[in-house]
$ cat start.cif   # mmCIF, C-alpha atoms
data_start
#
loop_
_atom_site.label_atom_id
_atom_site.label_comp_id
_atom_site.auth_asym_id
_atom_site.auth_seq_id
_atom_site.Cartn_x
_atom_site.Cartn_y
_atom_site.Cartn_z
CA MET A 1 -184.13 -15.97 -164.12
CA SER A 2 -187.13 -13.62 -164.27
CA PHE A 3 -186.46 -12.40 -160.74
CA SER A 4 -184.71 -9.19 -159.73
CA PHE A 5 -184.96 -6.21 -157.40
CA ASP A 6 -184.36 -2.52 -157.99
CA VAL A 7 -184.08 0.17 -155.31
CA THR A 8 -185.58 3.43 -156.58
CA HIS A 9 -185.70 5.71 -153.51
CA SER A 10 -184.04 5.80 -150.07
CA LEU A 11 -184.55 7.73 -146.85
CA ASP A 12 -181.81 10.24 -146.10
CA ASP A 13 -181.53 9.43 -142.40
CA ALA A 14 -182.45 5.73 -142.17
CA PRO A 15 -182.12 2.50 -144.18
CA GLY A 16 -185.73 2.61 -145.44
CA ARG A 17 -186.16 2.42 -149.19
CA ALA A 18 -188.68 1.98 -151.99
CA GLY A 19 -188.17 -0.33 -154.91
CA VAL A 20 -189.61 -2.94 -157.24
CA ILE A 21 -189.41 -6.73 -157.03
CA HIS A 22 -189.70 -8.28 -160.50
CA THR A 23 -191.19 -11.80 -160.56
CA PRO A 24 -192.40 -14.13 -163.34
CA HIS A 25 -196.00 -13.21 -162.46
CA GLY A 26 -195.59 -9.44 -162.20
CA ASP A 27 -193.93 -6.67 -160.25
CA ILE A 28 -194.30 -5.80 -156.56
CA GLU A 29 -193.75 -2.16 -155.67
CA THR A 30 -192.14 -1.97 -152.25
CA PRO A 31 -192.67 -1.41 -149.39
CA ALA A 32 -195.72 -3.68 -149.73
CA PHE A 33 -198.04 -5.65 -147.47
CA ILE A 34 -198.50 -9.22 -148.71
CA VAL A 35 -201.96 -10.57 -147.89
CA VAL A 36 -201.99 -14.02 -146.29
CA GLY A 37 -204.01 -16.80 -147.89
CA THR A 38 -202.83 -19.65 -145.67
CA LYS A 39 -204.61 -22.52 -147.42
CA ALA A 40 -204.59 -20.98 -150.91
CA THR A 41 -207.43 -18.66 -149.92
CA VAL A 42 -207.82 -15.46 -147.98
CA LYS A 43 -210.50 -16.67 -145.59
CA ALA A 44 -214.03 -15.60 -146.60
CA VAL A 45 -212.85 -13.42 -149.52
CA LEU A 46 -212.81 -14.04 -153.29
CA PRO A 47 -209.43 -13.59 -155.03
CA GLU A 48 -211.00 -10.84 -157.15
CA SER A 49 -211.96 -8.99 -153.96
CA VAL A 50 -208.41 -9.40 -152.64
CA ALA A 51 -207.15 -7.76 -155.83
CA ASP A 52 -209.62 -4.92 -155.33
CA THR A 53 -208.00 -4.16 -151.95
CA GLY A 54 -204.85 -3.22 -153.86
CA ALA A 55 -202.93 -6.30 -152.75
CA GLN A 56 -200.03 -6.99 -155.10
CA ALA A 57 -199.27 -10.54 -153.93
CA VAL A 58 -200.52 -13.26 -151.61
CA LEU A 59 -198.68 -15.68 -149.31
CA ALA A 60 -199.73 -19.28 -148.66
CA ASN A 61 -198.45 -21.82 -146.15
CA ALA A 62 -196.37 -24.84 -147.18
CA TYR A 63 -197.23 -26.82 -144.04
CA HIS A 64 -201.00 -26.49 -144.46
CA LEU A 65 -201.00 -27.13 -148.21
CA TYR A 66 -198.75 -30.16 -147.76
CA LEU A 67 -201.34 -31.68 -145.40
CA GLN A 68 -204.33 -30.62 -147.48
CA PRO A 69 -204.82 -31.00 -150.42
CA GLY A 70 -201.18 -32.03 -151.00
CA SER A 71 -198.48 -30.08 -152.83
CA ASP A 72 -198.54 -32.61 -155.68
CA ILE A 73 -202.16 -31.69 -156.42
CA VAL A 74 -201.30 -27.97 -156.48
CA ASP A 75 -198.42 -28.78 -158.83
CA GLU A 76 -200.71 -30.75 -161.11
CA ALA A 77 -203.15 -27.81 -161.13
CA GLY A 78 -200.42 -25.55 -162.50
CA GLY A 79 -199.09 -24.06 -159.29
CA LEU A 80 -200.46 -21.99 -156.44
CA GLY A 81 -201.57 -18.98 -158.49
CA ARG A 82 -203.50 -20.99 -161.04
CA PHE A 83 -204.95 -23.30 -158.36
CA MET A 84 -206.45 -20.37 -156.41
CA ASN A 85 -207.17 -18.18 -159.46
CA TRP A 86 -204.69 -15.49 -158.41
CA PRO A 87 -202.84 -14.05 -161.45
CA GLY A 88 -200.22 -12.06 -159.57
CA PRO A 89 -197.07 -12.90 -157.61
CA THR A 90 -197.22 -15.51 -154.85
CA PHE A 91 -195.15 -16.39 -151.77
CA THR A 92 -194.96 -19.57 -149.70
CA ASP A 93 -193.38 -19.87 -146.27
CA SER A 94 -191.36 -22.92 -145.31
CA GLY A 95 -193.32 -24.42 -142.43
CA GLY A 96 -190.74 -23.24 -139.88
CA PHE A 97 -193.28 -21.24 -137.92
CA GLN A 98 -195.57 -24.26 -137.59
CA VAL A 99 -192.65 -26.21 -136.12
CA MET A 100 -192.44 -23.70 -133.28
CA SER A 101 -196.20 -23.44 -132.90
CA LEU A 102 -196.70 -27.22 -132.81
CA GLY A 103 -193.69 -27.66 -130.55
CA ALA A 104 -194.20 -24.92 -127.98
CA GLY A 105 -197.86 -24.15 -128.57
CA PHE A 106 -197.36 -20.38 -128.92
CA LYS A 107 -198.88 -18.25 -131.62
CA LYS A 108 -196.81 -15.52 -133.24
CA VAL A 109 -196.21 -12.82 -130.62
CA LEU A 110 -193.93 -9.82 -130.48
CA ALA A 111 -194.23 -9.03 -126.79
CA MET A 112 -193.85 -12.45 -125.16
CA ASP A 113 -193.27 -12.10 -121.42
CA THR A 114 -189.60 -12.96 -120.95
CA LYS A 115 -189.23 -11.79 -117.34
CA GLY A 116 -189.26 -15.34 -116.00
CA MET A 117 -186.42 -17.83 -116.11
CA ALA A 118 -185.37 -19.00 -119.57
CA ASP A 119 -186.67 -22.47 -120.36
CA ASP A 120 -185.87 -24.61 -123.40
CA ASP A 121 -188.76 -26.93 -122.55
CA VAL A 122 -191.25 -24.06 -122.55
CA ILE A 123 -194.73 -24.90 -123.75
CA ALA A 124 -197.92 -22.87 -123.73
CA GLU A 125 -200.36 -23.64 -120.94
CA GLY A 126 -202.81 -26.39 -121.84
CA LYS A 127 -200.87 -27.41 -124.98
CA THR A 128 -199.30 -30.74 -125.92
CA ARG A 129 -196.00 -30.85 -127.79
CA ARG A 130 -196.64 -32.02 -131.35
CA ALA A 131 -193.23 -31.33 -132.92
CA HIS A 132 -189.68 -32.42 -132.09
CA VAL A 133 -186.60 -30.85 -133.66
CA ASP A 134 -183.30 -32.59 -134.34
CA ASP A 135 -180.31 -31.59 -136.46
CA ASP A 136 -181.68 -33.31 -139.55
CA GLY A 137 -185.24 -31.91 -139.45
CA VAL A 138 -188.53 -32.03 -137.58
CA THR A 139 -190.95 -34.82 -136.78
CA PHE A 140 -194.48 -33.64 -136.07
CA LYS A 141 -198.06 -34.76 -135.69
CA SER A 142 -200.69 -33.31 -137.99
CA HIS A 143 -203.11 -30.96 -136.26
CA LEU A 144 -205.80 -32.41 -138.55
CA ASP A 145 -205.67 -36.10 -137.74
CA GLY A 146 -202.67 -36.79 -135.53
CA THR A 147 -200.67 -38.63 -138.21
CA ARG A 148 -196.88 -38.39 -138.03
CA HIS A 149 -194.87 -36.52 -140.65
CA ARG A 150 -191.27 -35.51 -141.24
CA PHE A 151 -190.00 -32.17 -142.59
CA THR A 152 -186.38 -31.71 -143.60
CA PRO A 153 -184.86 -28.88 -145.66
CA GLU A 154 -185.11 -31.12 -148.72
CA VAL A 155 -188.76 -31.95 -148.06
CA SER A 156 -189.64 -28.26 -147.58
CA MET A 157 -187.92 -27.39 -150.86
CA ARG A 158 -189.76 -30.15 -152.72
CA ILE A 159 -193.11 -29.03 -151.32
CA GLN A 160 -192.49 -25.38 -152.16
CA HIS A 161 -191.27 -26.18 -155.66
CA GLU A 162 -194.46 -28.15 -156.22
CA LEU A 163 -196.53 -25.25 -154.89
CA GLY A 164 -194.78 -23.08 -157.47
CA ALA A 165 -194.73 -19.71 -155.70
CA ASP A 166 -192.60 -16.89 -157.12
CA ILE A 167 -190.89 -16.41 -153.74
CA MET A 168 -190.28 -19.13 -151.16
CA PHE A 169 -188.31 -19.41 -147.94
CA ALA A 170 -185.57 -21.70 -146.67
CA PHE A 171 -186.55 -24.11 -143.90
CA ASP A 172 -185.60 -22.66 -140.52
CA GLU A 173 -186.14 -23.22 -136.83
CA LEU A 174 -188.16 -20.49 -135.13
CA THR A 175 -187.41 -20.31 -131.42
CA THR A 176 -189.27 -18.46 -128.68
CA LEU A 177 -187.91 -15.49 -126.74
CA MET A 178 -187.96 -17.73 -123.67
CA ASN A 179 -185.34 -20.16 -124.97
CA THR A 180 -181.90 -19.97 -123.36
CA ARG A 181 -178.99 -18.18 -125.00
CA GLU A 182 -177.29 -21.57 -125.49
CA TYR A 183 -180.28 -22.95 -127.37
CA GLN A 184 -180.52 -19.80 -129.52
CA GLU A 185 -176.87 -20.28 -130.51
CA ASP A 186 -177.48 -23.91 -131.42
CA SER A 187 -180.63 -22.97 -133.35
CA VAL A 188 -178.80 -20.34 -135.44
CA GLU A 189 -176.19 -22.97 -136.35
CA ARG A 190 -178.91 -25.49 -137.18
CA THR A 191 -180.80 -22.97 -139.33
CA HIS A 192 -177.56 -22.17 -141.19
CA ALA A 193 -176.89 -25.85 -141.84
CA TRP A 194 -180.44 -26.21 -143.12
CA ALA A 195 -179.92 -23.15 -145.34
CA VAL A 196 -176.96 -24.88 -147.01
CA ARG A 197 -179.13 -27.91 -147.70
CA CYS A 198 -181.98 -25.74 -148.97
CA LEU A 199 -179.72 -23.97 -151.47
CA ARG A 200 -178.35 -27.28 -152.71
CA GLU A 201 -181.80 -28.83 -153.12
CA HIS A 202 -183.19 -25.65 -154.67
CA ALA A 203 -180.44 -25.68 -157.31
CA ARG A 204 -181.13 -29.35 -158.04
CA LEU A 205 -184.90 -28.95 -158.31
CA THR A 206 -184.60 -25.80 -160.44
CA ALA A 207 -182.44 -27.71 -162.93
CA GLU A 208 -184.78 -30.71 -162.80
CA ARG A 209 -188.01 -28.77 -163.33
CA VAL A 210 -187.03 -27.33 -166.70
CA GLY A 211 -189.68 -25.09 -168.22
CA LYS A 212 -191.10 -23.92 -164.90
CA PRO A 213 -190.85 -20.21 -163.98
CA TYR A 214 -187.89 -19.48 -161.72
CA GLN A 215 -188.75 -19.49 -158.02
CA ALA A 216 -186.73 -17.12 -155.84
CA LEU A 217 -185.43 -18.51 -152.55
CA PHE A 218 -185.05 -16.29 -149.47
CA GLY A 219 -182.80 -17.28 -146.56
CA VAL A 220 -184.37 -16.79 -143.13
CA ILE A 221 -182.43 -14.98 -140.39
CA GLN A 222 -182.88 -16.03 -136.78
CA GLY A 223 -181.12 -15.01 -133.56
CA ALA A 224 -184.00 -13.82 -131.35
CA GLN A 225 -183.11 -10.69 -129.32
CA TYR A 226 -179.32 -11.10 -129.50
CA GLU A 227 -177.41 -8.59 -131.63
CA ASP A 228 -174.33 -10.75 -132.20
CA LEU A 229 -176.44 -13.73 -133.31
CA ARG A 230 -178.60 -11.63 -135.64
CA ARG A 231 -175.58 -9.99 -137.24
CA ARG A 232 -173.67 -13.25 -137.60
CA ALA A 233 -176.64 -15.07 -139.09
CA SER A 234 -177.19 -12.21 -141.55
CA ARG A 235 -173.55 -12.14 -142.69
CA ASP A 236 -173.38 -15.90 -143.03
CA LEU A 237 -176.53 -16.17 -145.14
CA ALA A 238 -175.60 -13.14 -147.26
CA SER A 239 -172.26 -14.70 -148.22
CA LEU A 240 -173.49 -18.27 -148.61
CA GLU A 241 -173.16 -19.93 -152.02
CA VAL A 242 -173.83 -23.61 -152.71
CA ASP A 243 -173.52 -25.24 -156.14
CA GLY A 244 -173.56 -21.78 -157.73
CA GLN A 245 -176.81 -20.88 -155.94
CA ARG A 246 -177.14 -17.87 -153.63
CA PHE A 247 -180.16 -16.53 -151.80
CA ASP A 248 -182.31 -14.17 -153.88
CA GLY A 249 -183.49 -12.28 -150.81
CA PHE A 250 -183.87 -12.63 -147.07
CA GLY A 251 -186.59 -13.31 -144.55
CA LEU A 252 -186.28 -11.39 -141.30
CA GLY A 253 -187.69 -14.06 -139.04
CA GLY A 254 -188.09 -15.20 -135.48
CA ALA A 255 -189.80 -14.02 -132.36
CA LEU A 256 -189.02 -10.34 -131.80
CA GLU A 257 -189.25 -8.03 -128.81
CA LYS A 258 -191.81 -5.44 -129.86
CA GLN A 259 -190.08 -2.59 -128.07
CA ASN A 260 -186.84 -3.41 -129.96
CA LEU A 261 -188.34 -4.30 -133.33
CA GLY A 262 -186.71 -1.48 -135.30
CA ARG A 263 -183.34 -1.97 -133.65
CA ILE A 264 -183.30 -5.72 -134.35
CA ILE A 265 -184.26 -5.15 -137.98
CA GLY A 266 -181.48 -2.58 -138.19
CA TRP A 267 -178.90 -5.11 -137.02
CA MET A 268 -179.85 -7.47 -139.83
CA VAL A 269 -180.14 -4.79 -142.51
CA ASP A 270 -176.65 -3.51 -141.63
CA GLU A 271 -175.23 -6.88 -142.68
CA LEU A 272 -177.36 -7.59 -145.76
CA PRO A 273 -176.70 -6.54 -149.38
CA GLU A 274 -178.55 -3.50 -150.68
CA ASP A 275 -179.55 -5.15 -153.94
CA LYS A 276 -181.70 -7.94 -152.48
CA PRO A 277 -185.19 -7.67 -150.98
CA ARG A 278 -185.99 -8.24 -147.30
CA HIS A 279 -189.26 -9.72 -146.11
CA LEU A 280 -190.36 -9.33 -142.48
CA LEU A 281 -192.44 -12.32 -141.49
CA GLY A 282 -195.66 -11.95 -139.49
CA ILE A 283 -196.05 -8.18 -138.91
CA SER A 284 -199.06 -5.89 -139.51
CA GLU A 285 -199.68 -3.52 -136.58
CA PRO A 286 -199.21 0.11 -137.73
CA ASP A 287 -196.41 1.01 -135.30
CA ASP A 288 -194.51 -2.15 -136.23
CA LEU A 289 -194.95 -1.48 -139.95
CA PHE A 290 -193.62 2.07 -139.65
CA ALA A 291 -190.61 0.88 -137.62
CA ALA A 292 -189.88 -1.89 -140.10
CA VAL A 293 -190.19 0.32 -143.20
CA GLU A 294 -187.95 2.98 -141.67
CA MET A 295 -185.27 0.39 -140.93
CA GLY A 296 -185.25 -1.12 -144.41
CA ALA A 297 -187.74 -4.00 -144.60
CA ASP A 298 -189.39 -4.22 -148.03
CA THR A 299 -192.35 -6.58 -147.71
CA PHE A 300 -194.48 -7.93 -144.86
CA ASP A 301 -197.14 -10.55 -144.27
CA CYS A 302 -199.52 -11.25 -141.40
CA VAL A 303 -202.81 -13.07 -140.80
CA ASN A 304 -203.92 -10.48 -138.25
CA PRO A 305 -206.04 -8.17 -140.47
CA SER A 306 -208.26 -11.07 -141.55
CA ARG A 307 -208.14 -12.92 -138.22
CA VAL A 308 -209.38 -10.02 -136.10
CA ALA A 309 -211.94 -9.12 -138.79
CA ARG A 310 -213.64 -12.47 -138.23
CA ASN A 311 -214.03 -11.40 -134.59
CA ALA A 312 -215.63 -8.07 -135.56
CA ALA A 313 -212.52 -5.92 -134.94
CA ILE A 314 -212.25 -3.05 -137.42
CA TYR A 315 -209.16 -0.94 -138.17
CA THR A 316 -209.52 2.79 -138.83
CA ALA A 317 -207.23 5.81 -138.85
CA ASP A 318 -208.64 6.63 -135.40
CA GLY A 319 -207.82 3.23 -133.92
CA ARG A 320 -209.50 -0.13 -133.73
CA TYR A 321 -213.04 -0.85 -132.55
CA ASN A 322 -215.45 -3.76 -132.39
CA VAL A 323 -218.43 -3.32 -134.69
CA ASN A 324 -220.57 -5.89 -132.85
CA THR A 325 -220.94 -3.77 -129.73
CA ALA A 326 -224.23 -2.06 -128.84
CA ALA A 327 -222.90 1.36 -129.84
CA HIS A 328 -223.08 0.38 -133.52
CA ARG A 329 -226.52 -1.21 -133.58
CA ARG A 330 -228.07 1.94 -135.11
CA SER A 331 -224.92 3.40 -136.66
CA PHE A 332 -225.78 4.01 -140.31
CA ILE A 333 -222.32 5.17 -141.39
CA PRO A 334 -219.40 3.33 -143.04
CA LEU A 335 -216.93 1.30 -141.01
CA GLU A 336 -214.50 4.16 -141.60
CA ASP A 337 -215.31 7.61 -142.94
CA GLY A 338 -213.48 8.24 -146.23
CA CYS A 339 -212.46 4.62 -146.79
CA ASP A 340 -212.65 3.57 -150.45
CA CYS A 341 -213.04 -0.19 -149.87
CA TYR A 342 -216.04 -2.13 -151.20
CA THR A 343 -217.50 -2.57 -147.72
CA CYS A 344 -217.36 1.08 -146.72
CA THR A 345 -218.81 2.27 -150.04
CA HIS A 346 -221.78 -0.13 -149.86
CA TYR A 347 -222.60 -1.00 -146.23
CA THR A 348 -223.00 0.49 -142.77
CA ARG A 349 -221.78 -0.33 -139.29
CA ALA A 350 -225.36 -1.19 -138.35
CA TYR A 351 -225.52 -3.80 -141.10
CA LEU A 352 -222.26 -5.44 -140.06
CA HIS A 353 -223.39 -5.32 -136.43
CA HIS A 354 -226.48 -7.24 -137.53
CA LEU A 355 -224.44 -9.76 -139.54
CA PHE A 356 -222.13 -10.55 -136.64
CA LYS A 357 -224.99 -10.86 -134.17
CA ALA A 358 -226.85 -13.13 -136.59
CA LYS A 359 -223.65 -15.15 -137.15
CA GLU A 360 -223.90 -14.67 -140.91
CA MET A 361 -220.86 -15.63 -143.00
CA LEU A 362 -221.04 -12.35 -144.90
CA ALA A 363 -219.89 -10.57 -141.74
CA SER A 364 -216.40 -12.08 -142.05
CA THR A 365 -216.24 -11.30 -145.77
CA LEU A 366 -217.11 -7.62 -145.45
CA ALA A 367 -214.97 -7.00 -142.36
CA THR A 368 -211.97 -8.75 -143.92
CA ILE A 369 -212.20 -6.70 -147.11
CA HIS A 370 -212.02 -3.52 -145.06
CA ASN A 371 -209.14 -4.58 -142.79
CA GLU A 372 -207.03 -5.86 -145.68
CA ARG A 373 -207.65 -2.66 -147.63
CA PHE A 374 -206.71 -0.61 -144.56
CA THR A 375 -203.39 -2.41 -144.16
CA VAL A 376 -202.48 -2.53 -147.85
CA ARG A 377 -203.33 1.16 -148.24
CA LEU A 378 -201.30 2.13 -145.16
CA VAL A 379 -198.13 0.54 -146.54
CA ASP A 380 -198.87 2.03 -149.97
CA GLN A 381 -198.99 5.46 -148.30
CA MET A 382 -195.67 4.76 -146.63
CA ARG A 383 -194.20 3.97 -150.03
CA LEU A 384 -195.53 7.20 -151.54
CA THR A 385 -194.30 9.38 -148.65
CA LEU A 386 -190.93 7.65 -148.69
CA LYS A 387 -190.63 8.64 -152.34
CA ASP A 388 -191.69 12.27 -151.86
CA GLY A 389 -189.70 12.89 -148.68
CA THR A 390 -192.62 13.19 -146.23
CA PHE A 391 -192.34 9.77 -144.55
CA GLY A 392 -191.36 11.14 -141.13
CA ALA A 393 -194.22 13.63 -141.06
CA PHE A 394 -196.71 11.00 -142.20
CA ARG A 395 -195.52 8.55 -139.53
CA SER A 396 -195.92 11.13 -136.74
CA GLU A 397 -199.35 12.22 -137.92
CA PHE A 398 -200.71 8.73 -138.48
CA LEU A 399 -199.43 7.10 -135.30
CA GLY A 400 -200.46 10.08 -133.17
CA ARG A 401 -204.00 9.83 -134.46
CA PHE A 402 -204.24 6.02 -134.49
CA TYR A 403 -203.03 5.41 -130.96
CA ALA A 404 -204.64 8.49 -129.44
CA GLY A 405 -208.06 7.19 -130.44
CA ARG A 406 -207.36 3.47 -130.26
CA ARG A 407 -210.09 1.36 -128.73
CA VAL A 408 -209.37 -2.34 -128.45
CA SER A 409 -212.06 -4.57 -127.04
#

$ encode --input "start.cif" --output "structure tokens"
Amino acid sequence: MSFSFDVTHSLDDAPGRAGVIHTPHGDIETPAFIVVGTKATVKAVLPESVADTGAQAVLANAYHLYLQPGSDIVDEAGGLGRFMNWPGPTFTDSGGFQVMSLGAGFKKVLAMDTKGMADDDVIAEGKTRRAHVDDDGVTFKSHLDGTRHRFTPEVSMRIQHELGADIMFAFDELTTLMNTREYQEDSVERTHAWAVRCLREHARLTAERVGKPYQALFGVIQGAQYEDLRRRASRDLASLEVDGQRFDGFGLGGALEKQNLGRIIGWMVDELPEDKPRHLLGISEPDDLFAAVEMGADTFDCVNPSRVARNAAIYTADGRYNVNTAAHRRSFIPLEDGCDCYTCTHYTRAYLHHLFKAKEMLASTLATIHNERFTVRLVDQMRLTLKDGTFGAFRSEFLGRFYAGRRVS
């Protein structure tokens, strides 16, 4: 099958572990941050530069690549990796997040305000509902041109098989934290039913596409902030087998309460097998990464490092700052002292300040290189300290320094 996972080290007092995911296009040492290249590109950055950040794998989006250029074109090109000139492992997500985003209009948030009354018709202010969920799938309007499309578990599997990533995810329904308990229960049942269909279609397509490298399929666990739903969904997906096909790993999905992130991950990890990898979808803030690693998540992805970089926000060990403010106009030092990324070893804050003020495209490139390197290196350091027994000390030192000096503007 050319896909497997080995655990090599574990924390003594928590579920956190280090290991290796083996894929047809190379190994991923875990814990690892997976850089997001939504449309088969990390915005503003060459694939070679992404590799130089230390990234071991990239994740692209099935919804976006289905709309443009079309998954059939990526398939004809030889798959996602060959299409984007990335030689290493690749991931694709299922499109489930876009269903929520198009339906409710919310971006991925951890700390959604849930103090108000629960509302299953919730929609972000100023947004129009573009997606409608039923038990069979989702009908949605393209954000590009307004055309109508239909995603079902079978369609998502076909698209992801054509994209050819080493790791892909079952089609799921992502709810908001503001949905009612009743809707969350229905959604968990719907996601499970879709998981059954995904496994069946995955087995069929794998047999049909003889000669293609094996693509691992991860089941996605929902359940929002409810312990019983999270645990039940985890147990059900872990034991699920359809036509001889089981999930190769698991996606820890859904909207999560930031203050309870570690606890919610712990609920799921308690119910999942030790010998299969766990991917936490959409996380990259340092405190969230430490909490997730400690509680047993293996890989992570998030657009945030590149997204905030395009708005001049720079991550450092002493917190985050905006390089386009007046304080950096004559600052002839690297973005971060001691950073080994290409940007910090060649350019100054004053130069990036100039690029952002002049609205030059190079600003996004150089800032993104730094932020991706910062995030990849941070998780790499977690992996090393987990192996040598100093994870707890490293977490306390890093978070104390990062949040003590954090400047967000």

$ atom_distance --input "start.cif" --atom1 "CA of Asp340 in chain A" --atom2 "CA of Ala292 in chain A"
25.6 Å

$ closest_atom_pairs --input "start.cif" --of "range 2-119 of chain A" --to "range 372-385 of chain A" --cutoff "7 Å" --atoms "only C-alpha atoms" --output "tab-separated table"
residue	atom	partner	partner_atom	distance
A:Ala18	CA	A:Arg383	CA	6.2
A:Thr30	CA	A:Arg383	CA	6.7
A:Pro31	CA	A:Arg383	CA	5.6
A:Ala32	CA	A:Val379	CA	5.8
A:Phe33	CA	A:Val376	CA	5.4
A:Thr53	CA	A:Arg373	CA	4.6
A:Gly54	CA	A:Val376	CA	6.5
A:Ala55	CA	A:Val376	CA	6.2

$ closest_residue --input "start.cif" --among "A:Ala224, A:Leu386, A:Val155, A:Ala233" --to "Leu261 in chain A" --atoms "only C-alpha atoms"
A:Ala224

$ atom_distance --input "start.cif" --atom1 "CA of Asp287 in chain A" --atom2 "CA of Gly249 in chain A"
24.2 Å

$ residues_around --input "start.cif" --residues "Gly137 in chain A" --least-positions-apart "6" --cutoff "12 Å" --atoms "all atoms listed in the file" --output "JSON, numbers by chain"
{"A": [95, 96, 99, 131, 149, 150, 151, 152, 153, 154, 155, 156, 171, 172, 173, 187, 190, 191, 193, 194, 195, 197, 198]}

$ residues_near_point --input "start.cif" --point "(-175.1, -10.7, -144.7)" --cutoff "8 Å" --atoms "all atoms listed in the file" --output "PyMOL selection string"
chain A and resi 231-239+268+270-273

$ residues_around --input "start.cif" --residues "Asp301 in chain A" --least-positions-apart "5" --cutoff "7 Å" --atoms "only C-alpha atoms" --output "list in words"
Phe33, Ile34, Val35, Val36, Leu281, Gly282, Ile283 and Ser284 of chain A

$ write_last_selection --input "start.cif" --atoms "C-alpha atoms" --output "CSV table (one decimal), keeping the file's coordinate frame"
chain,number,residue,atom,x,y,z
A,33,PHE,CA,-198.0,-5.6,-147.5
A,34,ILE,CA,-198.5,-9.2,-148.7
A,35,VAL,CA,-202.0,-10.6,-147.9
A,36,VAL,CA,-202.0,-14.0,-146.3
A,281,LEU,CA,-192.4,-12.3,-141.5
A,282,GLY,CA,-195.7,-12.0,-139.5
A,283,ILE,CA,-196.0,-8.2,-138.9
A,284,SER,CA,-199.1,-5.9,-139.5

$ resolve_selection --input "start.cif" --expression "the PyMOL selection byres ((chain A and resi 278) around 7)" --output "ChimeraX atom specification"
/A:249-252,276-277,279-280,297-299

$ residues_around --input "start.cif" --residues "Glu76 in chain A" --least-positions-apart "6" --cutoff "12 Å" --atoms "all atoms listed in the file" --output "ChimeraX atom specification"
/A:69-70,82-83,161-164

$ residues_around --input "start.cif" --residues "range 86-91 of chain A" --least-positions-apart "6" --cutoff "10 Å" --atoms "only C-alpha atoms" --output "PyMOL selection string"
chain A and resi 21-28+34-37+40-41+46-48+50-51+55-62+79-80+160+163-169+215-217+301

$ write_last_selection --input "start.cif" --atoms "C-alpha atoms" --output "CSV table (one decimal), keeping the file's coordinate frame"
chain,number,residue,atom,x,y,z
A,21,ILE,CA,-189.4,-6.7,-157.0
A,22,HIS,CA,-189.7,-8.3,-160.5
A,23,THR,CA,-191.2,-11.8,-160.6
A,24,PRO,CA,-192.4,-14.1,-163.3
A,25,HIS,CA,-196.0,-13.2,-162.5
A,26,GLY,CA,-195.6,-9.4,-162.2
A,27,ASP,CA,-193.9,-6.7,-160.2
A,28,ILE,CA,-194.3,-5.8,-156.6
A,34,ILE,CA,-198.5,-9.2,-148.7
A,35,VAL,CA,-202.0,-10.6,-147.9
A,36,VAL,CA,-202.0,-14.0,-146.3
A,37,GLY,CA,-204.0,-16.8,-147.9
A,40,ALA,CA,-204.6,-21.0,-150.9
A,41,THR,CA,-207.4,-18.7,-149.9
A,46,LEU,CA,-212.8,-14.0,-153.3
A,47,PRO,CA,-209.4,-13.6,-155.0
A,48,GLU,CA,-211.0,-10.8,-157.2
A,50,VAL,CA,-208.4,-9.4,-152.6
A,51,ALA,CA,-207.2,-7.8,-155.8
A,55,ALA,CA,-202.9,-6.3,-152.8
A,56,GLN,CA,-200.0,-7.0,-155.1
A,57,ALA,CA,-199.3,-10.5,-153.9
A,58,VAL,CA,-200.5,-13.3,-151.6
A,59,LEU,CA,-198.7,-15.7,-149.3
A,60,ALA,CA,-199.7,-19.3,-148.7
A,61,ASN,CA,-198.4,-21.8,-146.2
A,62,ALA,CA,-196.4,-24.8,-147.2
A,79,GLY,CA,-199.1,-24.1,-159.3
A,80,LEU,CA,-200.5,-22.0,-156.4
A,160,GLN,CA,-192.5,-25.4,-152.2
A,163,LEU,CA,-196.5,-25.2,-154.9
A,164,GLY,CA,-194.8,-23.1,-157.5
A,165,ALA,CA,-194.7,-19.7,-155.7
A,166,ASP,CA,-192.6,-16.9,-157.1
A,167,ILE,CA,-190.9,-16.4,-153.7
A,168,MET,CA,-190.3,-19.1,-151.2
A,169,PHE,CA,-188.3,-19.4,-147.9
A,215,GLN,CA,-188.8,-19.5,-158.0
A,216,ALA,CA,-186.7,-17.1,-155.8
A,217,LEU,CA,-185.4,-18.5,-152.6
A,301,ASP,CA,-197.1,-10.6,-144.3

$ resolve_selection --input "start.cif" --expression "the PyMOL selection byres ((chain A and resi 146) around 12)" --output "ChimeraX atom specification"
/A:67,102,128-131,139-145,147-149

$ closest_atom_pairs --input "start.cif" --of "range 338-375 of chain A" --to "range 327-331 of chain A" --cutoff "6 Å" --atoms "only C-alpha atoms" --output "CSV"
residue,atom,partner,partner_atom,distance
A:Arg349,CA,A:Ser331,CA,5.5
A:Ala350,CA,A:Arg329,CA,4.9
A:His353,CA,A:Arg329,CA,5.9

$ resolve_selection --input "start.cif" --expression "the PyMOL selection byres ((chain A and resi 321) around 12)" --output "PyMOL selection string"
chain A and resi 308-309+311-320+322-328+335-336+349+353+367+371+402-403+405-409

$ atom_distance --input "start.cif" --atom1 "CA of Gly392 in chain A" --atom2 "CA of Phe290 in chain A"
9.5 Å

$ closest_residue --input "start.cif" --among "A:Gly262, A:Pro286, A:Asp248, A:Asp243" --to "Arg401 in chain A" --atoms "all atoms listed in the file"
A:Pro286

$ residues_around --input "start.cif" --residues "Thr343 in chain A" --least-positions-apart "4" --cutoff "9 Å" --atoms "all atoms listed in the file" --output "PyMOL selection string"
chain A and resi 334-335+339+347-348+366-367+369-370
